[in-house]
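These notes concern the structure reproduced below.
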Amino acid sequence: MNTLEETKIKLLAIDCLQSMKQQKTFRKLSRELSLPAGVLNRYINGYVLPKTDRAETLINFFIKNYLPKILEASKTKKSKYFVTAHILSQPFLLNVIAFRATKSLESKINVVFTAASDGIPIAQAIANLIGAKFIYAKLTQEFTFSDHYASKSSGEKPISTPFYLPKSLLKRNDDVLIVDDVIRAGTTFEALTSICDQAKANISGIFALFIISSAYRELKKKHKVNYLVLAKD
């Protein structure tokens, strides 16, 4: 981890502390984190940054104890639908999710790939954190100096409209992380996979905020899949 990456982690830890402080007093937060209130005060007010190891510990504490409640609020009762707008509109939460996503990576990633439009904020946050290229496929073709890849449907999961990606954005042997906010039937993922196959790029992993259990069971047969919430069908 270089100095820039370490600094990003430290600043994210401060954001986590500030979020937790909105819900707890310094005394309660001090007991939760086993850190002196004075130290927390200096962190939260930006007088000093935590060391990298402590910063990662603080972020992981937030992910374990606070993030699940935020994600749970996105699930609609008695329905398989998710409302992710309040998550996708908060850069702090996107950065926390990006941190969690990168910790599950088992190989080097140089391209983060998603489909327009809900997957864009998360994918962009992940790409920014790891210094990778961020690209997204669209349902319309843009003017470009190169041709386009057009996704192809499988017989099992046909889609009415293909996704397009300029060929200049994805190259042979690129190591790709495919990202989406919600994976339900997996049709969008299949479209992105089709584009990667045409480019002869390597799919190194998949990450989603929410994934339906049936889609997860199917996708994990061929790919490394990570998620924050596994939802019932």
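Labeling convention for the structure tokens: chains A, B, ... as they appear, residues from 1 per chain, ligands from 1 in order of appearance.
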Review point. Can you list every residue in segment 2-170 of chain A that DSSP puts in alpha helix (DSSP H), as a PyMOL selection string?
Key: chain A and resi 3-21+26-33+37-44+52-65+67-72+85-88+91-103+120-130
Exercise for review: May I have all residues of segment 31-150 of chain A that DSSP, computed from the backbone, assigns to strand (DSSP E), given as a list in words?
Suggested key: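 These are the residues in question: Val111, Val112, Phe113, Thr114, Ala115, Lys133, Phe134, Ile135, Tyr136, Ala137, His148, Tyr149 and Ala150 of chain A.
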Practice item. Show which residues sit within 12 Å of Lys8 of chain A, as JSON, numbers by chain. Count only C-alpha atoms, and ignore same-chain residues fewer than 6 positions away. Key: {"A": [1, 2, 14, 15, 49, 50, 51, 52, 55, 56, 59, 92, 95, 96, 98, 99, 125, 128, 129, 130, 131]}
Point to revise | Selection: 12 Å around Pro162 of chain A, only C-alpha atoms, excl. self and same-chain fewer than 2 positions, as a ChimeraX atom specification | key: /A:115,137-141,148-154,158-160,164-165,187-192,194-195
**Study point:** Contact residues around segment 133-136 of chain A with only C-alpha atoms at 10 Å, ignoring same-chain residues under 2 positions, as a PyMOL selection string
**Key:** chain A and resi 109-117+119-120+123-128+130-131+138+163-166+169-170+176-179+192
Put those residues in a file: C-alpha atoms, as a JSON list (two decimals), in the first residue's frame.
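File written: out.json
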```json
[["chain", "number", "residue", "atom", "x", "y", "z"],
["A", 109, "ILE", "CA", -7.76, -5.56, -10.85],
["A", 110, "ASN", "CA", -7.09, -2.95, -13.51],
["A", 111, "VAL", "CA", -10.67, -2.40, -14.76],
["A", 112, "VAL", "CA", -13.91, -1.95, -12.81],
["A", 113, "PHE", "CA", -16.89, -2.59, -15.09],
["A", 114, "THR", "CA", -20.60, -1.95, -14.58],
["A", 115, "ALA", "CA", -23.78, -1.10, -16.48],
["A", 116, "ALA", "CA", -25.51, 2.26, -16.52],
["A", 117, "SER", "CA", -26.82, 3.56, -14.33],
["A", 119, "GLY", "CA", -24.01, 0.49, -10.61],
["A", 120, "ILE", "CA", -21.97, 3.55, -11.57],
["A", 123, "ALA", "CA", -18.02, 1.01, -9.35],
["A", 124, "GLN", "CA", -16.51, 4.48, -9.55],
["A", 125, "ALA", "CA", -15.76, 4.51, -5.80],
["A", 126, "ILE", "CA", -14.04, 1.12, -6.02],
["A", 127, "ALA", "CA", -11.99, 2.15, -9.05],
["A", 128, "ASN", "CA", -10.91, 5.35, -7.33],
["A", 130, "ILE", "CA", -7.65, 0.94, -5.99],
["A", 131, "GLY", "CA", -6.48, 3.18, -8.84],
["A", 138, "LYS", "CA", -24.90, 1.64, -21.93],
["A", 163, "PHE", "CA", -25.58, -3.09, -23.86],
["A", 164, "TYR", "CA", -22.81, -1.31, -25.74],
["A", 165, "LEU", "CA", -19.21, -0.49, -24.86],
["A", 166, "PRO", "CA", -16.59, 1.23, -27.05],
["A", 169, "LEU", "CA", -12.15, 0.87, -23.32],
["A", 170, "LEU", "CA", -11.65, -2.87, -22.76],
["A", 176, "VAL", "CA", -11.99, -7.02, -14.62],
["A", 177, "LEU", "CA", -14.15, -6.64, -11.53],
["A", 178, "ILE", "CA", -17.85, -6.54, -12.47],
["A", 179, "VAL", "CA", -19.92, -4.41, -10.07],
["A", 192, "LEU", "CA", -21.39, -7.63, -19.18]]
```
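Residue nearest Val229 of chain A within the list A:Leu40, A:Ile122, A:Ala132, A:Ile183: A:Ile183 [criterion: smallest interatomic distance, only C-alpha atoms].
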Check your understanding: What's the 12 Å shell around segment 220-222 of chain A, counting only C-alpha atoms, without same-chain residues fewer than 4 positions away, as JSON, numbers by chain?
Key -> {"A": [186, 190, 193, 203, 204, 205, 206, 207, 211, 213, 214, 215, 216, 226, 227]}
Please dump the current selection as a PDB file, in the first residue's frame; keep C-alpha atoms.
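Listing of part-v9.pdb after writing:
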```pdb
ATOM      1  CA  GLY A 186     -28.371 -11.963 -13.484  1.00  0.00           C
ATOM      2  CA  GLU A 190     -24.655 -11.938 -18.400  1.00  0.00           C
ATOM      3  CA  THR A 193     -19.870 -11.104 -19.258  1.00  0.00           C
ATOM      4  CA  ILE A 203     -13.326 -11.676 -15.138  1.00  0.00           C
ATOM      5  CA  SER A 204     -11.503 -11.649 -11.798  1.00  0.00           C
ATOM      6  CA  GLY A 205     -14.576 -11.217  -9.628  1.00  0.00           C
ATOM      7  CA  ILE A 206     -18.078  -9.896  -9.049  1.00  0.00           C
ATOM      8  CA  PHE A 207     -19.258  -7.525  -6.342  1.00  0.00           C
ATOM      9  CA  ILE A 211     -27.737 -10.304  -4.529  1.00  0.00           C
ATOM     10  CA  SER A 213     -29.770 -16.139  -3.408  1.00  0.00           C
ATOM     11  CA  SER A 214     -30.763 -17.955  -6.623  1.00  0.00           C
ATOM     12  CA  ALA A 215     -28.559 -15.632  -8.682  1.00  0.00           C
ATOM     13  CA  TYR A 216     -25.704 -16.121  -6.230  1.00  0.00           C
ATOM     14  CA  ASN A 226     -18.714 -11.114  -3.119  1.00  0.00           C
ATOM     15  CA  TYR A 227     -21.641  -9.179  -1.715  1.00  0.00           C
TER      16      TYR A 227
END
```
Practice item. Kindly indicate which residue among A:Leu105, A:Leu209, A:Leu58, A:Val225 lies nearest to Ser74 of chain A, using only C-alpha atoms for the distances. Key: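 Looking at the shortest contact to Ser74 of chain A, the residue is A:Leu209.
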